[in-house]
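Everything on this sheet refers to the single structure shown next.
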Amino acid sequence: MTVAAQSPEAQERQLGSPFEVLLVFLRLGVSCFGGPIAHIGYFRDEFVVRRRWLDEPAYADLVGLCQFLPGPASSQVGFSLGLMRAGYLGGLAAWTGFTLPSAILLILFAYGAGSLNGPIGTGLLHGLKLVAVAIVAQAVWGMARTLCPDRQRASIAVAAALIILFSAASAAQIGAIALGGVAGLWLCRAAPGISSGHVAMPVSRPVGIAALAAFVVVLIGLPVLRGYGAPQGVALFDAFYRSGALVFGGGHVVLPLLREAFVTPGWISDGSFLAGYGAAQAVPGPLFTFAAYLGSAVNVSPHGIAGAALGLIGIFLPGILVLLGTLPFWDAFRTRPAAQAAMRGVNAAVVGLLGAALYNPVWTTSVKAPGDFGIALTGFVLLIVWRTPPLVVVIISAVGGILLAQMAP
């Protein structure tokens, strides 16, 4: 994760406080609509373009790493940015700020706080889907210009996109990134090397090893405790933890695991599960906060607020532990020439993944008519040409969605 080489004094001036990180991520937590791929676009605009906490290659390296790991990739990227900026408390502040708004909304939904109905509600939700088209398109455009500047890397990006577009397997994303790394070793050795500067992550190797050990111990130990008649809360925590630990790519990929873990044993009805799933897509922030709804709505104890807290910790914890276990070794690994070539291929593959996601599911589930395309195009131009803040684009797209719904026959 590289930036231009800087003096220790300059790097020290760049450090921030956990409160600063919390405020930034709270704002993102209430405005980041569109799912994990869109979140990566929001983060890029906020921290690479506007705040310059890190540069484009460093951000792409971080995204590539988090795509490799199990857990919610966008939340792992956010946690890493907070960790980089303000240490462990900064990582916790980033996770809290990004997660809390949607978690609260889904808990309220579980308590029957109501949902959006009628043309206005439907139009609002549709407008929020359309803003995701603009955000992801902006991310693809900006990252492609920086990370795919030659024929070799552009070809890797196209190949990665084709793999994702023509494969429905959940492992396709990991395979595309792995193939990008192999292709980078072969095709990208002649590209200029990275600078010696780096973004330091305040995680020591002993802490990293301990985090990996904790990940494995909890993953194996919870089912053992369940077998020995542990309280119901242990069984719930195990269901959330196992779902978060065994999913790659995050987002919608975790939903089949959660359905198997909660609907099959009868902890929640299929109808209630699907209702919560729909609400989770309508709120900002990470889709993994669906766990807050499930923890609140299950028909076994603990449920309500306690169940929501159990669900949030259980589903996010494995991804954070794996991330902490990987970061101390990542910087030393990526400074090797072969690793640099592989990462150039991985970065190009990430652009391909974003491009494929721009088409499916972002475009295919949102753009159904000329008016939809008009709103998405307007948002894209506002972001790229006018440098409009994403929150303003969210509001404009939401209003546009409502107007389209009102004009529909």
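In the structure tokens, chains take the letters A, B, ... in the order shown, each chain's residues start at 1, and ligands count up from 1 in the order shown.
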
May I have the residues within 6 Å of stretch 327-334 of chain A as a PyMOL selection string, using only C-alpha atoms and disregarding those fewer than 4 positions away in the same chain? chain A and resi 203-205+339-340

Contacts of stretch 301-318 of chain A at 7 Å (only C-alpha atoms; same-chain gap of 3+ positions) as a PDB file with N, CA, C and O atoms, in the first residue's frame:
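Contents of selection_8.pdb, freshly written:
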ATOM      1  N   GLY A  71     -15.197 -12.359   4.590  1.00  0.00           N
ATOM      2  CA  GLY A  71     -15.820 -11.256   5.318  1.00  0.00           C
ATOM      3  C   GLY A  71     -16.295 -10.156   4.398  1.00  0.00           C
ATOM      4  O   GLY A  71     -16.172 -10.246   3.179  1.00  0.00           O
ATOM      5  N   PHE A 215      -9.150 -16.327  15.294  1.00  0.00           N
ATOM      6  CA  PHE A 215     -10.113 -16.635  14.234  1.00  0.00           C
ATOM      7  C   PHE A 215     -10.372 -18.138  14.151  1.00  0.00           C
ATOM      8  O   PHE A 215     -11.523 -18.589  14.111  1.00  0.00           O
ATOM      9  N   GLN A 232     -28.298 -20.867  24.405  1.00  0.00           N
ATOM     10  CA  GLN A 232     -28.781 -20.549  23.063  1.00  0.00           C
ATOM     11  C   GLN A 232     -28.007 -19.406  22.431  1.00  0.00           C
ATOM     12  O   GLN A 232     -27.813 -19.368  21.214  1.00  0.00           O
ATOM     13  N   GLY A 233     -27.549 -18.466  23.270  1.00  0.00           N
ATOM     14  CA  GLY A 233     -26.785 -17.349  22.736  1.00  0.00           C
ATOM     15  C   GLY A 233     -25.519 -17.793  22.021  1.00  0.00           C
ATOM     16  O   GLY A 233     -25.103 -17.170  21.039  1.00  0.00           O
ATOM     17  N   PHE A 237     -24.573 -16.922  18.173  1.00  0.00           N
ATOM     18  CA  PHE A 237     -23.291 -16.304  17.835  1.00  0.00           C
ATOM     19  C   PHE A 237     -22.532 -17.176  16.836  1.00  0.00           C
ATOM     20  O   PHE A 237     -21.913 -16.662  15.895  1.00  0.00           O
ATOM     21  N   PHE A 240     -23.929 -16.659  13.286  1.00  0.00           N
ATOM     22  CA  PHE A 240     -23.456 -15.404  12.693  1.00  0.00           C
ATOM     23  C   PHE A 240     -21.963 -15.482  12.356  1.00  0.00           C
ATOM     24  O   PHE A 240     -21.539 -15.073  11.266  1.00  0.00           O
ATOM     25  N   TYR A 241     -21.167 -15.989  13.292  1.00  0.00           N
ATOM     26  CA  TYR A 241     -19.709 -16.036  13.096  1.00  0.00           C
ATOM     27  C   TYR A 241     -19.357 -16.934  11.910  1.00  0.00           C
ATOM     28  O   TYR A 241     -18.531 -16.576  11.070  1.00  0.00           O
ATOM     29  N   SER A 243     -21.207 -17.715   9.338  1.00  0.00           N
ATOM     30  CA  SER A 243     -21.605 -17.065   8.083  1.00  0.00           C
ATOM     31  C   SER A 243     -20.596 -16.011   7.661  1.00  0.00           C
ATOM     32  O   SER A 243     -20.243 -15.910   6.476  1.00  0.00           O
ATOM     33  N   GLY A 244     -20.105 -15.210   8.617  1.00  0.00           N
ATOM     34  CA  GLY A 244     -19.123 -14.192   8.292  1.00  0.00           C
ATOM     35  C   GLY A 244     -17.763 -14.752   7.954  1.00  0.00           C
ATOM     36  O   GLY A 244     -16.998 -14.147   7.193  1.00  0.00           O
ATOM     37  N   ALA A 245     -17.433 -15.933   8.501  1.00  0.00           N
ATOM     38  CA  ALA A 245     -16.100 -16.500   8.307  1.00  0.00           C
ATOM     39  C   ALA A 245     -15.963 -17.272   7.004  1.00  0.00           C
ATOM     40  O   ALA A 245     -14.846 -17.424   6.491  1.00  0.00           O
ATOM     41  N   THR A 289     -25.140  -5.645   7.943  1.00  0.00           N
ATOM     42  CA  THR A 289     -25.978  -5.207   9.066  1.00  0.00           C
ATOM     43  C   THR A 289     -27.347  -5.870   9.041  1.00  0.00           C
ATOM     44  O   THR A 289     -28.137  -5.686   9.970  1.00  0.00           O
ATOM     45  N   ALA A 291     -27.599  -8.649   9.818  1.00  0.00           N
ATOM     46  CA  ALA A 291     -27.489  -9.427  11.057  1.00  0.00           C
ATOM     47  C   ALA A 291     -28.182  -8.732  12.219  1.00  0.00           C
ATOM     48  O   ALA A 291     -28.692  -9.405  13.128  1.00  0.00           O
ATOM     49  N   ALA A 292     -28.212  -7.399  12.229  1.00  0.00           N
ATOM     50  CA  ALA A 292     -28.910  -6.675  13.297  1.00  0.00           C
ATOM     51  C   ALA A 292     -30.403  -6.967  13.239  1.00  0.00           C
ATOM     52  O   ALA A 292     -31.061  -7.134  14.280  1.00  0.00           O
ATOM     53  N   TYR A 293     -30.967  -7.015  12.029  1.00  0.00           N
ATOM     54  CA  TYR A 293     -32.382  -7.368  11.886  1.00  0.00           C
ATOM     55  C   TYR A 293     -32.637  -8.792  12.363  1.00  0.00           C
ATOM     56  O   TYR A 293     -33.575  -9.046  13.129  1.00  0.00           O
ATOM     57  N   GLY A 295     -30.861 -10.673  14.400  1.00  0.00           N
ATOM     58  CA  GLY A 295     -30.703 -10.793  15.840  1.00  0.00           C
ATOM     59  C   GLY A 295     -31.872 -10.220  16.608  1.00  0.00           C
ATOM     60  O   GLY A 295     -32.232 -10.715  17.685  1.00  0.00           O
ATOM     61  N   SER A 296     -32.507  -9.182  16.070  1.00  0.00           N
ATOM     62  CA  SER A 296     -33.674  -8.590  16.723  1.00  0.00           C
ATOM     63  C   SER A 296     -34.929  -9.431  16.548  1.00  0.00           C
ATOM     64  O   SER A 296     -35.767  -9.501  17.438  1.00  0.00           O
ATOM     65  N   ALA A 297     -35.056 -10.077  15.375  1.00  0.00           N
ATOM     66  CA  ALA A 297     -36.325 -10.703  15.002  1.00  0.00           C
ATOM     67  C   ALA A 297     -36.407 -12.191  15.303  1.00  0.00           C
ATOM     68  O   ALA A 297     -37.491 -12.767  15.169  1.00  0.00           O
ATOM     69  N   VAL A 298     -35.304 -12.849  15.674  1.00  0.00           N
ATOM     70  CA  VAL A 298     -35.362 -14.294  15.914  1.00  0.00           C
ATOM     71  C   VAL A 298     -36.334 -14.599  17.053  1.00  0.00           C
ATOM     72  O   VAL A 298     -36.559 -13.767  17.941  1.00  0.00           O
ATOM     73  N   LEU A 321     -10.718 -10.122  12.278  1.00  0.00           N
ATOM     74  CA  LEU A 321      -9.600 -10.917  12.793  1.00  0.00           C
ATOM     75  C   LEU A 321      -8.668 -11.354  11.663  1.00  0.00           C
ATOM     76  O   LEU A 321      -7.434 -11.268  11.787  1.00  0.00           O
ATOM     77  N   VAL A 322      -9.228 -11.822  10.552  1.00  0.00           N
ATOM     78  CA  VAL A 322      -8.401 -12.238   9.419  1.00  0.00           C
ATOM     79  C   VAL A 322      -7.636 -11.044   8.846  1.00  0.00           C
ATOM     80  O   VAL A 322      -6.458 -11.160   8.479  1.00  0.00           O
TER      81      VAL A 322
END

Residue neighbourhood A:Gly278, 12 Å, only C-alpha atoms, exclusion window fewer than 2 positions, as an MDAnalysis selection string: chainID A and resid 106 109:110 115:116 122 125 252 255 271:276 280:283 287 290 293

Would you return as a PDB file with C-alpha atoms, in the first residue's frame the members of stretch 16-93 of chain A that DSSP assigns to helix (DSSP H, G or I) on this structure's backbone?
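File written: selection.pdb
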ATOM      1  CA  PRO A  18     -10.566   8.509  16.277  1.00  0.00           C
ATOM      2  CA  PHE A  19     -13.227  11.214  16.587  1.00  0.00           C
ATOM      3  CA  GLU A  20     -12.296  12.605  13.164  1.00  0.00           C
ATOM      4  CA  VAL A  21     -12.532   9.094  11.703  1.00  0.00           C
ATOM      5  CA  LEU A  22     -15.883   8.515  13.423  1.00  0.00           C
ATOM      6  CA  LEU A  23     -17.394  11.702  11.986  1.00  0.00           C
ATOM      7  CA  VAL A  24     -16.221  10.925   8.447  1.00  0.00           C
ATOM      8  CA  PHE A  25     -17.536   7.369   8.530  1.00  0.00           C
ATOM      9  CA  LEU A  26     -20.817   8.385  10.163  1.00  0.00           C
ATOM     10  CA  ARG A  27     -21.443  10.641   7.188  1.00  0.00           C
ATOM     11  CA  LEU A  28     -20.571   7.781   4.854  1.00  0.00           C
ATOM     12  CA  GLY A  29     -22.752   5.455   6.899  1.00  0.00           C
ATOM     13  CA  PRO A  36     -20.251  -3.141  -1.334  1.00  0.00           C
ATOM     14  CA  ILE A  37     -19.077  -2.295  -4.842  1.00  0.00           C
ATOM     15  CA  ALA A  38     -20.624   1.167  -4.596  1.00  0.00           C
ATOM     16  CA  HIS A  39     -19.075   1.585  -1.125  1.00  0.00           C
ATOM     17  CA  ILE A  40     -15.627   1.062  -2.644  1.00  0.00           C
ATOM     18  CA  GLY A  41     -16.448   3.886  -5.043  1.00  0.00           C
ATOM     19  CA  TYR A  42     -17.603   6.161  -2.216  1.00  0.00           C
ATOM     20  CA  PHE A  43     -14.454   5.403  -0.204  1.00  0.00           C
ATOM     21  CA  ARG A  44     -12.236   6.108  -3.193  1.00  0.00           C
ATOM     22  CA  ASP A  45     -13.863   9.475  -3.776  1.00  0.00           C
ATOM     23  CA  GLU A  46     -13.648  10.419  -0.088  1.00  0.00           C
ATOM     24  CA  PHE A  47     -10.199   9.166   0.907  1.00  0.00           C
ATOM     25  CA  VAL A  48      -8.189   9.047  -2.338  1.00  0.00           C
ATOM     26  CA  VAL A  49      -9.607  11.987  -4.289  1.00  0.00           C
ATOM     27  CA  ARG A  50     -10.835  14.428  -1.628  1.00  0.00           C
ATOM     28  CA  GLU A  56      -4.689   5.225  -5.965  1.00  0.00           C
ATOM     29  CA  PRO A  57      -2.261   2.263  -6.064  1.00  0.00           C
ATOM     30  CA  ALA A  58      -2.303   2.010  -2.260  1.00  0.00           C
ATOM     31  CA  TYR A  59      -6.097   2.017  -2.249  1.00  0.00           C
ATOM     32  CA  ALA A  60      -6.251  -0.585  -5.009  1.00  0.00           C
ATOM     33  CA  ASP A  61      -3.770  -2.775  -3.097  1.00  0.00           C
ATOM     34  CA  LEU A  62      -5.992  -2.524  -0.033  1.00  0.00           C
ATOM     35  CA  VAL A  63      -9.138  -3.351  -2.005  1.00  0.00           C
ATOM     36  CA  GLY A  64      -7.372  -6.302  -3.633  1.00  0.00           C
ATOM     37  CA  LEU A  65      -6.272  -7.645  -0.255  1.00  0.00           C
ATOM     38  CA  CYS A  66      -9.750  -7.339   1.264  1.00  0.00           C
ATOM     39  CA  GLN A  67     -11.310  -9.031  -1.769  1.00  0.00           C
ATOM     40  CA  PHE A  68      -9.032 -12.020  -1.094  1.00  0.00           C
ATOM     41  CA  ALA A  73     -14.816  -6.452   1.836  1.00  0.00           C
ATOM     42  CA  SER A  74     -16.052  -2.843   1.985  1.00  0.00           C
ATOM     43  CA  SER A  75     -16.202  -2.875   5.805  1.00  0.00           C
ATOM     44  CA  GLN A  76     -12.697  -4.343   5.916  1.00  0.00           C
ATOM     45  CA  VAL A  77     -11.461  -1.553   3.640  1.00  0.00           C
ATOM     46  CA  GLY A  78     -13.141   1.013   5.910  1.00  0.00           C
ATOM     47  CA  PHE A  79     -11.662  -0.562   9.054  1.00  0.00           C
ATOM     48  CA  SER A  80      -8.199  -0.505   7.440  1.00  0.00           C
ATOM     49  CA  LEU A  81      -8.546   3.176   6.527  1.00  0.00           C
ATOM     50  CA  GLY A  82      -9.500   4.041  10.108  1.00  0.00           C
ATOM     51  CA  LEU A  83      -6.664   1.868  11.437  1.00  0.00           C
ATOM     52  CA  MET A  84      -4.191   3.595   9.153  1.00  0.00           C
ATOM     53  CA  ARG A  85      -5.424   7.039  10.188  1.00  0.00           C
ATOM     54  CA  ALA A  86      -5.822   6.707  13.971  1.00  0.00           C
ATOM     55  CA  GLY A  87      -4.725   3.266  15.155  1.00  0.00           C
ATOM     56  CA  TYR A  88      -6.938   0.594  16.670  1.00  0.00           C
ATOM     57  CA  LEU A  89      -9.427   3.133  18.021  1.00  0.00           C
ATOM     58  CA  GLY A  90      -9.564   4.634  14.539  1.00  0.00           C
ATOM     59  CA  GLY A  91     -10.405   1.233  13.057  1.00  0.00           C
ATOM     60  CA  LEU A  92     -13.134   0.759  15.665  1.00  0.00           C
ATOM     61  CA  ALA A  93     -14.435   4.278  14.992  1.00  0.00           C
TER      62      ALA A  93
END

Counting only C-alpha atoms, what is within 9 Å of A:Ile177, bar same-chain residues fewer than 4 positions away, as a PyMOL selection string? chain A and resi 64+67-68+160+172-173+181-182+345-350+353

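Atom CA of A:Ala169 is positioned 23.1 Å from atom CA of A:Val133.
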
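Counting from atom CA of A:Thr264, the distance to atom CA of A:Tyr228 is 21.1 Å.
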
Figure out the distance between atom CA of A:Leu69 and atom CA of A:Val207, please, to one decimal in Å. 17.7 Å

So which one's closest to A:Val234, A:Pro206, A:Gly97, A:Gly221, A:Gly118? Using only C-alpha atoms, please.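 Selected residue with least distance to A:Val234: A:Gly221.
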
For A:Phe33, find every residue with an atom within 7 Å (counting only C-alpha atoms), except residues of its own chain fewer than 6 positions away, and show them as a ChimeraX atom specification. /A:128,132,283-285

Taking only C-alpha atoms into account, name the residue in A:Ser155, A:Ser31, A:Thr146, A:Thr96 that is nearest to A:Pro389.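 For A:Pro389, the nearest of the given residues is A:Ser31.
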
Nearest residue to A:Leu323 from the set A:Arg151, A:Glu260, A:Trp141, A:Met201 (distances using only C-alpha atoms):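 For A:Leu323, the nearest of the candidates is A:Met201.
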
Excluding A:Leu222 and its own-chain neighbours fewer than 3 positions away, which residues fall within 8 Å of it when counting only C-alpha atoms? Please give them as a ChimeraX atom specification. /A:218-219,225-226,234-235,238

Pick out the closest residue to A:Phe380 from this set: A:Ser167, A:Ser102, A:Ser397, A:Gln138. Count only C-alpha atoms.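 Ranking A:Ser167, A:Ser102, A:Ser397, A:Gln138 by distance to A:Phe380, first place goes to A:Gln138.
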
Using only C-alpha atoms, find the one residue out of A:Leu403, A:Val30, A:Gly16, A:Pro409 that sits nearest to A:Ile104.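 Checking each candidate against A:Ile104, we get A:Val30 as the closest.
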
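In terms of minimum interatomic distance to A:Ala159, A:Ala356 ranks closest within A:Ala144, A:Val300, A:Ala356, A:Ala239, counting only C-alpha atoms.
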